[in-house]
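Notes follow the structure.
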Amino acid sequence: MRTISLGVVWLCLGLSLDALSLNGQRRETVDGEKTAPAIRGDKLLRRVRRGWMWNQFFLQEEYTGSDYQYIGKLQSDQDNGSGLVKYVLSGEGAGTLFVLDENNGDLHATRRLDREEKAFYILKATVVNKRTGQKLEPETEFTVKLHDINDNEPQFSREVYTGSVPEMSDIGTSVIQVTATDADDSMYGNSAKLVYSISQGHPYFSVDPNTGVIRTALGPGDMDREQREHYQVVIEAKDMAGQRGGLTGSTTINITLTDVNDNPPHFTQSVYHFSVPESSVSGTPVGRILATDRDIGRNAEMSFSIVSGDGMDMFNISTDKGTQEGVITVSKPLDFEKKPSYTVEIQVQNTQVDPRFMSAGSKDMATVRIGVDDVDEPPLFDKASYLMEVKEDAAVGVAVGSVSAMDPDAARSMVKYSIDRRTDMDRLFNVHPGNGSVFLLRSLDREEIAWHNISVIATEFNNPRQSSHVPVYIRLLDINDNAPTFATTYETYVCERTKAGQRIQTVSAVDADEPSTGHKFFFSLAPEGTHRSNFTVRDNGDNTAGILTRRASYSRLHQSIYLVPVVITDGDYPMQSSTGTLTVRVCTCDREGNMELCNAEALSSSPGLSTGALIAILLCAIILLMIVVLFTALKRQRKQEPLIISKEDVRDNVVSYNDEGGGEEDTQAFDIGALRHPDAAAAVLEESAKQRRDIIPSDTLLYPPCRRLHPAASGLIMPPVSMPSRDNGDVREFINQRVLENDCNPTAPPYDSLATYAYEGAGSVAESLSSLGSASSEAEQDYHYLSDWGPRFRKLADLYGAEDGDFS
């Protein structure tokens, strides 16, 4: 397949090499041109046939016509003009962006294309037979490339840039670089070739047309931040290499001049006046002086100093970091009477000096005059504190020392002295109000308190509100007034079997005194112990002594404890001594000399539980026992529920008894014998104090016995019966007695309760029906006697009196 391009078509020439021919024959090209062979050396170089390559089409982007844009024509060698060949297109955009005339092979673009969206399209074409649909040639691939036009303006990476450059910079100092890009094809023409220019910012800045680097255009004298700090520069980028017709894009750059230390500080005035009271203490502010600096930030930081004047030692100056002001303060006490005014010279300079712009001598000076105001001052002691010494045995009234104060004012008022009693609560000292002499009011003891710190007050006579205090430190000097004693309580023992001269204890001493040359103690045996002494004392010469035995054996049965008197003497003046008694126990020891057993007397002082500890243990045991007993008693106690819950109304209460009785064999609830022996029951009825056995009386003594009432009066309803016999009368008396007891007993059941007595009496003709007296329930019994009991038992007689055979 080959193509004839009527549009903007590039045909690439493909060269195919044939074998070199030596016969000199001519080759015919496509266009019919004939050429002669070329001879190189001894060989004949022939021209080869050229073939047309149709695999690329070029199409201009952004077509604005109303018709389809013609791209080119596809022509197949199989197309002989008979109309049986059909051209078929496939690939990117086939049928939508690109259409192919199936009859003649013309290729068109259906709409405007943008190279910046897609630069090329790959398509495929073939020819088929219209009738059979069979491919006449293999499918061939070709490319449609878009030819770029200048349709995109340059774009900067940011709309607004921010840059800075130090003031006083040299010409050509780089500030910032801006960059723009163009979407057009940089490989075709000048559509994407950019040139930078400055449209706003002259004459201070310039821009490199090729790189976009912005630089300063003026010298150091013209770029002063103190005159102008901010600049706005507009840079343009134009394509087509800046030629006419090119597209332009712009951006804004905000440039700030940064500060350098090119300005020294200056005082706002040359002379300053201040005043300060003479009573001002060290550190009191006097005043502030102000200096200005046109620079900012660290370049405007200042330092102040006093360089001369008569007040250099009396005042200080420092810099307030927040306001950069010089603060003058008092450094030493002022005295109006001595000097009423001072004059000082103050210097100010930058803390950081840039030698490129300023020399080290870029400073400014100002004069400060300070007046001292007179005030009424309190008395002033001649010392800040006093140290006094006195011996501890000094008598009452002895002077310890003196203090002195005076009024510093010109009036020179008289001063009186006193002691601040808050510092001398025990009133050990006093001071003379006129001359300031301090003396004793009580005797002192160094061993109790070695130092006394008091405060003395000086007050003006004319103005008592003007007063001052001074501390007075009084040290008590030691005298040898305490005798040495044993350093501790020694527990000493000696073995029964020992040897003479054996050391059994080493003792030392302590002394409450503190001699200037140090302690020196001497030890010896007391005179009363030297006679027939069993032990001796050897002074070691180092403030210790050893206790030695003088015998080879001791018997604890003969004597278990020895008392050794030791005299301890110090070496100070006046000499002091004391006698300490050392208790030595006689004990049984093993072969190594270790104590095994001592007498009970000797062991009485051995460590153990104290009496207080034993009492505490005993009290704890008693308390624990009481808690156990109380707990046991509470568990055993039974809580009895009252029969009546409410005491207000008992008429509707029902008491339920759920346990059955034991029958006639239960002799615990009732005395059946009283019913069986009416004679004996008569005597029981006469005893009004007899209580019920089934109820435990609780309030017997609280209620008087009730009179025996008639049955009708007691509320007991009795059934009508015939006149009882003597025995039946006893039973009635028994029941009436029980009713009376229930009426009078508050612990008995309430009135609604029903007590049933089912004793049938002793006068019944049937006698007792109980089986208690039956000999055996298994033996045959004769029930014929039931017929003799009367008409009431006739039915029973018929049932039990009949023979067994009658029921068969």
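Going through the structure tokens in order, the chains are called A, B, and so on, while each chain numbers its residues from 1 and the ligands are numbered from 1 in the order shown.
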| Expected answer as a count of residues only: strand (DSSP E) residues in stretch 277-384 of chain A | 51
Could you make a table, as JSON lines, of the residues of stretch 389-475 of chain A that have an atom within 12 Å of an atom of stretch 323-346 of chain A, each with its nearest atom pair and distance in Å to one decimal, counting only C-alpha atoms, in chain and number order?
```
{"residue": "A:Asp407", "atom": "CA", "partner": "A:Glu337", "partner_atom": "CA", "distance": 11.3}
{"residue": "A:Pro408", "atom": "CA", "partner": "A:Glu337", "partner_atom": "CA", "distance": 7.8}
{"residue": "A:Asp409", "atom": "CA", "partner": "A:Glu337", "partner_atom": "CA", "distance": 6.9}
{"residue": "A:Ala410", "atom": "CA", "partner": "A:Glu337", "partner_atom": "CA", "distance": 6.9}
{"residue": "A:Ala411", "atom": "CA", "partner": "A:Glu337", "partner_atom": "CA", "distance": 10.6}
{"residue": "A:Arg412", "atom": "CA", "partner": "A:Glu337", "partner_atom": "CA", "distance": 11.3}
```
| task | Can you list, as a VMD selection string, all residues belonging to stretch 534-606 of chain A that DSSP tags as helix (DSSP H, G or I)? | result | chain A and resid 600 to 603
N, CA, C and O atoms of the current selection, written as a PDB file, in the first residue's frame:
```pdb
ATOM      1  N   ALA A 600      21.096 -15.191 140.018  1.00  0.00           N
ATOM      2  CA  ALA A 600      19.837 -14.481 139.738  1.00  0.00           C
ATOM      3  C   ALA A 600      19.961 -13.005 140.040  1.00  0.00           C
ATOM      4  O   ALA A 600      19.392 -12.158 139.375  1.00  0.00           O
ATOM      5  N   GLU A 601      20.751 -12.683 141.099  1.00  0.00           N
ATOM      6  CA  GLU A 601      20.918 -11.267 141.428  1.00  0.00           C
ATOM      7  C   GLU A 601      21.637 -10.540 140.307  1.00  0.00           C
ATOM      8  O   GLU A 601      21.323  -9.399 139.961  1.00  0.00           O
ATOM      9  N   ALA A 602      22.603 -11.250 139.758  1.00  0.00           N
ATOM     10  CA  ALA A 602      23.352 -10.604 138.680  1.00  0.00           C
ATOM     11  C   ALA A 602      22.531 -10.460 137.412  1.00  0.00           C
ATOM     12  O   ALA A 602      22.727  -9.554 136.629  1.00  0.00           O
ATOM     13  N   LEU A 603      21.608 -11.396 137.242  1.00  0.00           N
ATOM     14  CA  LEU A 603      20.794 -11.361 136.035  1.00  0.00           C
ATOM     15  C   LEU A 603      19.617 -10.415 136.129  1.00  0.00           C
ATOM     16  O   LEU A 603      18.891 -10.226 135.169  1.00  0.00           O
TER      17      LEU A 603
END
```
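When only C-alpha atoms are used to compute distances to A:His452, the closest of the residues A:Arg792, A:Arg475, A:Arg585, A:Arg465 turns out to be A:Arg475.
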| field | Residues near stretch 561-578 of chain A, cut-off 8 Å, only C-alpha atoms, skip fewer than 3 positions along chain, as a PyMOL selection string | value | chain A and resi 480-485+509+515+519-526+528-529+535+537+556+581-586+602
| Quick one, how far is atom CA of A:Asn543 from atom CA of A:Tyr490? | 16.2 Å
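Excluding A:Ala237 and any residue on its chain fewer than 2 positions from it, the residues at most 9 Å away by only C-alpha atoms are Glu153, Pro154, Gln155, Phe156, Thr179, Ala180, Thr181, Leu194, Val195, Tyr196, Ser197, Ile198, Pro209, Gly212, Ile235, Asp239, Gly242, Leu247, Thr248, Gly249, Ser250 and Thr251 of chain A.
Here atom CA of A:Asn463 is placed at a distance of 9.8 Å from atom CA of A:Met414.
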| query | Which residues come within 7 Å of stretch 592-596 of chain A, counting only C-alpha atoms, excluding same-chain residues fewer than 4 positions away, as a count of residues only? | reply | 3
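The nearest approach to A:Thr423 among the residues A:Arg550, A:Arg636, A:His469, A:Lys193, with only C-alpha atoms taken into account, belongs to A:His469.
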